[in-house]
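Visitor: One file: structure-v6.pdb (PDB, C-alpha atoms).
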```
ATOM      1  CA  MET A   1      63.600  -7.706  17.518
ATOM      2  CA  ILE A   2      63.491  -6.548  13.891
ATOM      3  CA  GLY A   3      60.704  -8.040  11.830
ATOM      4  CA  ALA A   4      61.232  -9.419   8.330
ATOM      5  CA  GLY A   5      59.100  -6.611   6.906
ATOM      6  CA  VAL A   6      61.298  -3.956   8.495
ATOM      7  CA  LEU A   7      64.441  -5.695   7.241
ATOM      8  CA  PHE A   8      63.077  -5.943   3.711
ATOM      9  CA  ALA A   9      61.917  -2.316   3.723
ATOM     10  CA  THR A  10      65.327  -1.244   4.972
ATOM     11  CA  PHE A  11      66.964  -3.348   2.261
ATOM     12  CA  LEU A  12      64.880  -1.606  -0.408
ATOM     13  CA  ALA A  13      65.750   1.787   1.032
ATOM     14  CA  LEU A  14      69.447   0.929   1.117
ATOM     15  CA  SER A  15      69.367  -0.376  -2.463
ATOM     16  CA  ALA A  16      67.816   2.888  -3.594
ATOM     17  CA  ALA A  17      70.296   4.963  -1.596
ATOM     18  CA  PHE A  18      73.339   3.016  -2.844
ATOM     19  CA  PRO A  19      72.555   2.037  -6.462
ATOM     20  CA  GLY A  20      76.198   1.093  -7.126
ATOM     21  CA  THR A  21      76.008  -1.888  -4.786
ATOM     22  CA  HIS A  22      75.081  -5.508  -5.478
ATOM     23  CA  PHE A  23      73.400  -7.421  -2.644
ATOM     24  CA  GLU A  24      73.704 -11.176  -2.333
ATOM     25  CA  ASN A  25      70.775 -13.114  -0.903
ATOM     26  CA  ALA A  26      69.515 -10.125   1.093
ATOM     27  CA  PRO A  27      67.987  -9.791   3.578
ATOM     28  CA  ASN A  28      69.134 -13.125   5.053
ATOM     29  CA  SER A  29      72.771 -13.395   3.989
ATOM     30  CA  ASN A  30      75.228 -14.711   6.558
ATOM     31  CA  CYS A  31      77.239 -11.782   7.851
ATOM     32  CA  SER A  32      80.498 -12.317   9.692
ATOM     33  CA  LYS A  33      80.538 -10.885  13.217
ATOM     34  CA  CYS A  34      83.785  -9.037  13.759
ATOM     35  CA  ASN A  35      85.550  -6.342  15.744
ATOM     36  CA  SER A  36      86.637  -3.159  14.011
ATOM     37  CA  PRO A  37      90.156  -1.798  14.627
ATOM     38  CA  PRO A  38      90.225   0.098  17.948
ATOM     39  CA  VAL A  39      92.491   2.844  16.577
ATOM     40  CA  TRP A  40      92.198   4.393  13.139
ATOM     41  CA  THR A  41      92.321   7.540  11.034
ATOM     42  CA  ALA A  42      90.167   8.121   7.953
ATOM     43  CA  THR A  43      88.703  10.765   5.718
ATOM     44  CA  VAL A  44      84.997  10.941   6.482
ATOM     45  CA  MET A  45      82.338  12.391   4.205
ATOM     46  CA  LEU A  46      79.170  13.499   6.005
ATOM     47  CA  ILE A  47      75.652  14.239   4.813
ATOM     48  CA  HIS A  48      73.253  15.383   7.522
ATOM     49  CA  LYS A  49      69.607  16.292   6.920
ATOM     50  CA  GLN A  50      67.222  17.701   9.508
ATOM     51  CA  PHE A  51      63.709  19.084   9.629
ATOM     52  CA  LEU A  52      62.401  17.187   6.576
ATOM     53  CA  GLY A  53      65.460  18.197   4.569
ATOM     54  CA  LEU A  54      65.043  21.928   5.188
ATOM     55  CA  GLU A  55      68.439  22.044   6.907
ATOM     56  CA  LYS A  56      71.430  20.233   5.417
ATOM     57  CA  GLU A  57      75.121  19.796   6.182
ATOM     58  CA  PHE A  58      77.796  18.466   3.829
ATOM     59  CA  GLY A  59      81.265  17.910   5.204
ATOM     60  CA  PHE A  60      84.706  16.375   4.723
ATOM     61  CA  ALA A  61      86.947  15.760   7.705
ATOM     62  CA  LYS A  62      89.956  13.883   8.944
ATOM     63  CA  MET A  63      88.645  11.737  11.801
ATOM     64  CA  THR A  64      90.719   9.788  14.309
ATOM     65  CA  GLN A  65      89.096   7.288  16.670
ATOM     66  CA  ASP A  66      91.301   6.079  19.526
ATOM     67  CA  GLN A  67      89.442   3.594  21.727
ATOM     68  CA  VAL A  68      92.619   2.783  23.668
ATOM     69  CA  LYS A  69      92.802   6.328  25.079
ATOM     70  CA  ASN A  70      89.054   6.988  24.657
ATOM     71  CA  ARG A  71      89.299  10.061  22.445
ATOM     72  CA  THR A  72      88.229  11.414  19.046
ATOM     73  CA  SER A  73      89.607  14.140  16.784
ATOM     74  CA  ILE A  74      87.692  15.705  13.878
ATOM     75  CA  PHE A  75      89.548  18.144  11.641
ATOM     76  CA  GLY A  76      87.875  19.567   8.563
ATOM     77  CA  GLY A  77      85.110  21.668   7.085
ATOM     78  CA  TYR A  78      81.464  21.593   6.211
ATOM     79  CA  GLU A  79      78.840  23.557   4.379
ATOM     80  CA  LYS A  80      75.514  24.184   6.041
ATOM     81  CA  GLU A  81      72.418  25.451   4.313
ATOM     82  CA  SER A  82      68.825  26.029   5.336
ATOM     83  CA  ILE A  83      65.880  28.076   4.171
ATOM     84  CA  PHE A  84      67.291  30.930   6.272
ATOM     85  CA  SER A  85      71.025  30.908   5.569
ATOM     86  CA  LYS A  86      73.998  29.238   3.907
ATOM     87  CA  GLY A  87      77.638  29.200   4.954
ATOM     88  CA  GLU A  88      80.943  27.365   5.057
ATOM     89  CA  HIS A  89      82.781  26.532   8.271
ATOM     90  CA  CYS A  90      86.141  24.998   9.244
ATOM     91  CA  TYR A  91      86.866  23.554  12.650
ATOM     92  CA  HIS A  92      89.005  21.305  14.807
ATOM     93  CA  THR A  93      87.249  19.308  17.502
ATOM     94  CA  ILE A  94      88.802  17.128  20.200
ATOM     95  CA  ALA A  95      86.646  14.897  22.404
ATOM     96  CA  LEU A  96      88.241  13.462  25.555
ATOM     97  CA  TYR A  97      85.636  11.038  26.859
ATOM     98  CA  ASP A  98      87.426  10.071  30.075
ATOM     99  CA  LEU A  99      87.472  13.729  31.097
ATOM    100  CA  GLY A 100      83.987  14.422  29.742
ATOM    101  CA  VAL A 101      85.247  17.431  27.749
ATOM    102  CA  VAL A 102      85.044  18.550  24.119
ATOM    103  CA  TYR A 103      87.228  21.334  22.684
ATOM    104  CA  GLN A 104      86.079  23.032  19.495
ATOM    105  CA  VAL A 105      88.059  25.640  17.552
ATOM    106  CA  ASN A 106      86.510  27.579  14.706
ATOM    107  CA  LEU A 107      89.468  27.863  12.329
ATOM    108  CA  LYS A 108      87.972  30.890  10.552
ATOM    109  CA  THR A 109      87.454  33.004  13.663
ATOM    110  CA  ASP A 110      90.260  31.397  15.705
ATOM    111  CA  LYS A 111      87.890  31.161  18.680
ATOM    112  CA  CYS A 112      87.415  28.213  21.014
ATOM    113  CA  LYS A 113      84.478  26.806  22.927
ATOM    114  CA  VAL A 114      84.599  24.047  25.511
ATOM    115  CA  TYR A 115      81.686  21.743  26.265
ATOM    116  CA  ARG A 116      80.892  19.030  28.748
ATOM    117  CA  ILE A 117      79.911  15.630  27.391
ATOM    118  CA  LYS A 118      78.418  12.654  29.209
ATOM    119  CA  TRP A 119      78.235  10.146  26.370
ATOM    120  CA  ASP A 120      80.422   7.127  25.753
ATOM    121  CA  MET A 121      82.599   7.070  22.678
ATOM    122  CA  PRO A 122      80.621   5.741  19.673
ATOM    123  CA  LYS A 123      81.860   2.493  18.157
ATOM    124  CA  TYR A 124      81.825   1.939  14.407
ATOM    125  CA  GLY A 125      81.478  -1.849  14.499
ATOM    126  CA  VAL A 126      78.759  -4.491  14.646
ATOM    127  CA  PRO A 127      75.991  -2.814  16.672
ATOM    128  CA  GLU A 128      74.449  -4.421  19.721
ATOM    129  CA  GLN A 129      71.245  -6.261  18.795
ATOM    130  CA  GLY A 130      72.354  -5.927  15.177
ATOM    131  CA  LYS A 131      70.751  -7.997  12.439
ATOM    132  CA  CYS A 132      72.456  -9.048   9.233
ATOM    133  CA  LEU A 133      70.851  -7.253   6.300
ATOM    134  CA  GLY A 134      72.992  -8.762   3.565
ATOM    135  CA  THR A 135      76.340  -8.916   1.801
ATOM    136  CA  ALA A 136      77.098  -6.365  -0.897
ATOM    137  CA  PHE A 137      79.775  -5.255  -3.296
ATOM    138  CA  THR A 138      80.634  -1.632  -3.988
ATOM    139  CA  GLY A 139      81.610  -1.626  -7.629
ATOM    140  CA  SER A 140      81.518  -5.046  -9.304
ATOM    141  CA  ASN A 141      80.947  -8.496  -7.807
ATOM    142  CA  ASN A 142      82.706 -10.012 -10.820
ATOM    143  CA  THR A 143      86.237 -11.198  -9.978
ATOM    144  CA  LYS A 144      87.454  -9.791 -13.304
ATOM    145  CA  TYR A 145      86.683  -6.270 -12.135
ATOM    146  CA  GLU A 146      87.204  -4.194  -9.037
ATOM    147  CA  GLY A 147      84.837  -4.402  -6.108
ATOM    148  CA  LEU A 148      84.760  -4.291  -2.323
ATOM    149  CA  GLN A 149      82.702  -6.860  -0.411
ATOM    150  CA  TYR A 150      81.103  -5.878   2.874
ATOM    151  CA  ASP A 151      78.368  -6.947   5.275
ATOM    152  CA  THR A 152      75.534  -4.613   6.212
ATOM    153  CA  TRP A 153      74.126  -4.572   9.736
ATOM    154  CA  VAL A 154      71.013  -2.823  11.016
ATOM    155  CA  ALA A 155      69.919  -2.246  14.616
ATOM    156  CA  PRO A 156      66.826  -0.568  16.060
ATOM    157  CA  PHE A 157      66.757   2.318  18.502
ATOM    158  CA  PRO A 158      63.745   3.711  20.368
ATOM    159  CA  THR A 159      63.550   6.655  17.964
ATOM    160  CA  GLY A 160      65.090   5.244  14.780
ATOM    161  CA  TYR A 161      67.743   2.865  13.518
ATOM    162  CA  GLN A 162      71.463   2.474  12.901
ATOM    163  CA  MET A 163      72.985   0.845   9.803
ATOM    164  CA  ILE A 164      76.648   0.147   9.062
ATOM    165  CA  GLY A 165      78.706  -1.576   6.373
ATOM    166  CA  LEU A 166      81.804  -3.555   7.445
ATOM    167  CA  THR A 167      84.259  -5.250   5.101
ATOM    168  CA  LYS A 168      84.504  -9.022   5.090
ATOM    169  CA  LYS A 169      88.238  -8.725   5.683
ATOM    170  CA  HIS A 170      89.475  -6.796   8.722
ATOM    171  CA  CYS A 171      86.015  -5.375   9.627
ATOM    172  CA  ILE A 172      86.702  -1.910   8.167
ATOM    173  CA  PRO A 173      83.678   0.439   8.158
ATOM    174  CA  THR A 174      82.628   1.554   4.668
ATOM    175  CA  PHE A 175      79.550   3.597   5.571
ATOM    176  CA  ALA A 176      77.325   4.311   8.555
ATOM    177  CA  GLN A 177      73.802   5.688   8.622
ATOM    178  CA  PHE A 178      71.805   6.895  11.608
ATOM    179  CA  LYS A 179      68.163   7.903  11.328
ATOM    180  CA  SER A 180      66.260   9.515  14.175
ATOM    181  CA  LYS A 181      63.040  11.464  14.519
ATOM    182  CA  PHE A 182      64.960  13.943  16.689
ATOM    183  CA  ASP A 183      68.180  14.438  14.715
ATOM    184  CA  GLY A 184      67.095  13.550  11.185
ATOM    185  CA  GLU A 185      69.355  11.444   8.988
ATOM    186  CA  ARG A 186      73.137  11.337   9.300
ATOM    187  CA  SER A 187      75.256   9.405   6.767
ATOM    188  CA  TYR A 188      79.011   8.799   6.872
ATOM    189  CA  THR A 189      81.243   7.434   4.119
ATOM    190  CA  PHE A 190      84.729   6.301   5.202
ATOM    191  CA  LEU A 191      87.631   6.869   2.787
ATOM    192  CA  ASN A 192      91.394   6.237   3.012
ATOM    193  CA  PHE A 193      90.954   4.208   6.211
ATOM    194  CA  GLU A 194      94.260   3.649   8.049
ATOM    195  CA  PRO A 195      94.193   1.290  11.060
ATOM    196  CA  GLU A 196      96.587   1.979  13.954
ATOM    197  CA  ARG A 197      97.333   5.508  12.761
ATOM    198  CA  VAL A 198      97.201   8.345  15.309
ATOM    199  CA  ASP A 199      98.730  11.796  14.758
ATOM    200  CA  GLU A 200      99.345  12.988  18.305
ATOM    201  CA  GLU A 201      99.421  16.653  17.282
ATOM    202  CA  ASP A 202      95.708  16.339  16.446
ATOM    203  CA  PHE A 203      95.047  15.753  20.166
ATOM    204  CA  GLU A 204      97.101  18.626  21.537
ATOM    205  CA  ILE A 205      94.829  21.094  23.319
ATOM    206  CA  PRO A 206      94.768  24.248  21.147
ATOM    207  CA  SER A 207      96.262  27.314  22.762
ATOM    208  CA  GLN A 208      92.986  29.189  22.124
ATOM    209  CA  CYS A 209      91.220  26.789  24.525
ATOM    210  CA  ARG A 210      93.540  26.810  27.531
ATOM    211  CA  ASN A 211      91.773  29.575  29.473
ATOM    212  CA  VAL A 212      88.241  28.952  28.199
ATOM    213  CA  ARG A 213      85.633  27.804  30.710
ATOM    214  CA  PRO A 214      83.149  25.104  29.738
ATOM    215  CA  ALA A 215      79.874  26.371  28.317
ATOM    216  CA  PRO A 216      76.937  26.414  30.757
ATOM    217  CA  ILE A 217      75.131  23.799  28.643
ATOM    218  CA  ASP A 218      76.168  20.300  27.705
ATOM    219  CA  LEU A 219      77.166  19.563  24.135
ATOM    220  CA  PHE A 220      74.303  18.141  22.099
ATOM    221  CA  VAL A 221      74.861  14.698  20.614
ATOM    222  CA  ASP A 222      72.315  12.391  19.026
ATOM    223  CA  GLU A 223      70.946   9.343  20.819
ATOM    224  CA  PHE A 224      73.454   7.103  19.039
ATOM    225  CA  GLY A 225      76.305   8.944  20.746
ATOM    226  CA  ASN A 226      77.556  10.631  17.563
ATOM    227  CA  LEU A 227      79.349  13.936  17.870
ATOM    228  CA  PRO A 228      77.772  16.424  15.448
ATOM    229  CA  PHE A 229      80.110  17.756  12.765
ATOM    230  CA  SER A 230      78.982  21.332  13.195
ATOM    231  CA  TYR A 231      78.590  21.674  16.972
ATOM    232  CA  TYR A 232      77.754  25.306  17.669
ATOM    233  CA  VAL A 233      79.001  28.079  15.434
ATOM    234  CA  VAL A 234      81.441  30.212  17.408
TER     235      VAL A 234
END
```
Output the structure of this file as structure tokens.
Guide:
Amino acid sequence: MIGAGVLFATFLALSAAFPGTHFENAPNSNCSKCNSPPVWTATVMLIHKQFLGLEKEFGFAKMTQDQVKNRTSIFGGYEKESIFSKGEHCYHTIALYDLGVVYQVNLKTDKCKVYRIKWDMPKYGVPEQGKCLGTAFTGSNNTKYEGLQYDTWVAPFPTGYQMIGLTKKHCIPTFAQFKSKFDGERSYTFLNFEPERVDEEDFEIPSQCRNVRPAPIDLFVDEFGNLPFSYYVV
């Protein structure tokens, strides 16, 4: 269970991280339990920090989640910087969870790597054992102005926590944050969310991957089941 002190501390952290939001009656607002759309496509903005912020990733990608066919496509680019190096990368990644396979094409080098994966597809909805943190507005909570109302949920994990914002109407994810002592902090912002949209060409196995054998190691994912944006540089 999550104690009131942890909830309040998380609320303060979230308020600091998202100063453009207005929370109502946090941390004990009544959130609405809901189910997010099983199939969707969105533009996702990623910020990933590891090793006390010494390694950072910033990315934009087209992401498609298809829970009906148990698959994910990520198509975009990211910039990675650390105290040792800095570089930009573009990629297309296809995860087929039923087959336990991930295909990754580096669009700059036109090379493919194939990985095994044993994780279930992550769900961007109300987390199991989730607690309602509060109701917020991005923008203005005044009906005269523009604003988007959403509920914020937080759930503990053995090594960290998961937090997600879901709209009051239709249960659309607005942001997701995962914090872990192993994988650092990973934050997603969802833009241009389109339920029921799937572009089948995004799931066609790239020709560069057809004769590639799976790597001798499994693909690394965090304990929340998230696929990393960067994977391995090929």
Visitor: If we count all atoms listed in the file, what is near region 177-184 of chain A at a cut-off of 6 Å, once residues fewer than 2 positions away on the same chain are taken out, given as JSON, numbers by chain?
Guide: {"A": [49, 50, 159, 160, 161, 162, 163, 186, 187]}
Visitor: Quick one: of A:Val154, A:Ile94, A:Val126, A:Ala61, who's nearest to Asp202 (chain A), counting only C-alpha atoms?
Guide: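 Closest candidate: A:Ile94.
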Visitor: Figure out the distance between CA of Ser32 (chain A) and CA of Met45 (chain A), please, to one decimal in Å.
Guide: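 One can read the CA of Met45 (chain A) to CA of Ser32 (chain A) distance as 25.4 Å.
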Visitor: Need to verify the contact set: region 63-70 of chain A, 6 Å, all atoms listed in the file, exclusion of same-chain residues closer than 3 positions in sequence. Can you return it as a PyMOL selection string?
Guide: chain A and resi 38-42+73-74+97
Visitor: List the spatial neighbours of region 203-206 of chain A as a PyMOL selection string - criterion: any atom at most 8 Å away, all atoms listed in the file, same-chain residues fewer than 3 positions off excluded.
Guide: chain A and resi 73+94+103+105+199-200+209-210
Visitor: Once the PyMOL selection byres ((chain A and resi 91) around 9) has been evaluated on this model, what residues remain selected, and can you format them as an mmCIF file with C-alpha atoms, in the frame of the given file?
Guide:
```
data_model
loop_
_atom_site.group_PDB
_atom_site.id
_atom_site.type_symbol
_atom_site.label_atom_id
_atom_site.label_comp_id
_atom_site.auth_asym_id
_atom_site.auth_seq_id
_atom_site.Cartn_x
_atom_site.Cartn_y
_atom_site.Cartn_z
ATOM 1 C CA ILE A 74 87.692 15.705 13.878
ATOM 2 C CA PHE A 75 89.548 18.144 11.641
ATOM 3 C CA GLY A 76 87.875 19.567 8.563
ATOM 4 C CA GLY A 77 85.110 21.668 7.085
ATOM 5 C CA TYR A 78 81.464 21.593 6.211
ATOM 6 C CA HIS A 89 82.781 26.532 8.271
ATOM 7 C CA CYS A 90 86.141 24.998 9.244
ATOM 8 C CA HIS A 92 89.005 21.305 14.807
ATOM 9 C CA THR A 93 87.249 19.308 17.502
ATOM 10 C CA GLN A 104 86.079 23.032 19.495
ATOM 11 C CA VAL A 105 88.059 25.640 17.552
ATOM 12 C CA ASN A 106 86.510 27.579 14.706
ATOM 13 C CA LEU A 107 89.468 27.863 12.329
ATOM 14 C CA LYS A 108 87.972 30.890 10.552
ATOM 15 C CA PHE A 229 80.110 17.756 12.765
ATOM 16 C CA SER A 230 78.982 21.332 13.195
#
```
Visitor: When you draw a straight line from CA of Cys171 (chain A) to CA of Phe157 (chain A), how long is it in Å?
Guide: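 Straight-line distance from CA of Cys171 (chain A) to CA of Phe157 (chain A) works out to 22.6 Å.
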Visitor: Between A:Val198, A:Ile117, A:Ala136, A:Cys112, which has the minimum distance to Thr174 (chain A) (counting all atoms listed in the file)?
Guide: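 Checking each of A:Val198, A:Ile117, A:Ala136, A:Cys112 against Thr174 (chain A), counting all atoms listed in the file, the winner is A:Ala136.
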Visitor: Can you tell me how far CA of Pro37 (chain A) sits from CA of Lys144 (chain A), in Å to one decimal?
Guide: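 Computing the Euclidean distance for CA of Pro37 (chain A) and CA of Lys144 (chain A) yields 29.2 Å.
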Visitor: Kindly indicate which residue among A:Asn30, A:Gln129, A:Thr135, A:Thr43 lies nearest to Leu191 (chain A), using all atoms listed in the file for the distances.
Guide: A:Thr43
Visitor: Taking all atoms of region 118-137 of chain A that appear in the file, build a box with edges along x, y and z, extend it by 3 Å on every side, and state its centre and edge lengths in Å to one decimal, as AutoDock Vina command-line options.
Guide:
```
--center_x 76.7 --center_y 1.8 --center_z 13.0 --size_x 17.8 --size_y 27.7 --size_z 38.5
```
Visitor: Show me the residues close to (76.3, 24.3, 2.3) - anything with an atom within 10 Å, counting all atoms listed in the file - and format the list as a ChimeraX atom specification.
Guide: /A:55-59,78-82,85-89
Visitor: Please evaluate the PyMOL selection byres ((chain A and resi 150-152) around 6) against the displayed coordinates and give the resulting residues as a list in words.
Guide: Cys31, Leu133, Gly134, Thr135, Ala136, Gln149, Trp153, Ile164, Gly165, Leu166, Thr167 and Lys168 of chain A
Visitor: Using only C-alpha atoms, pick whichever of A:Ser140, A:Pro173, A:Tyr115, A:Arg71 has the shortest atom-to-atom distance to Pro127 (chain A).
Guide: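 Of all the options, A:Pro173 lies closest to Pro127 (chain A).
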Visitor: Using all atoms listed in the file for the distances, tell me which of A:Leu54, A:Thr109, A:Phe190, A:Glu201 is nearest to Ile83 (chain A).
Guide: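 Residue with the minimum atom-to-atom distance to Ile83 (chain A): A:Leu54.
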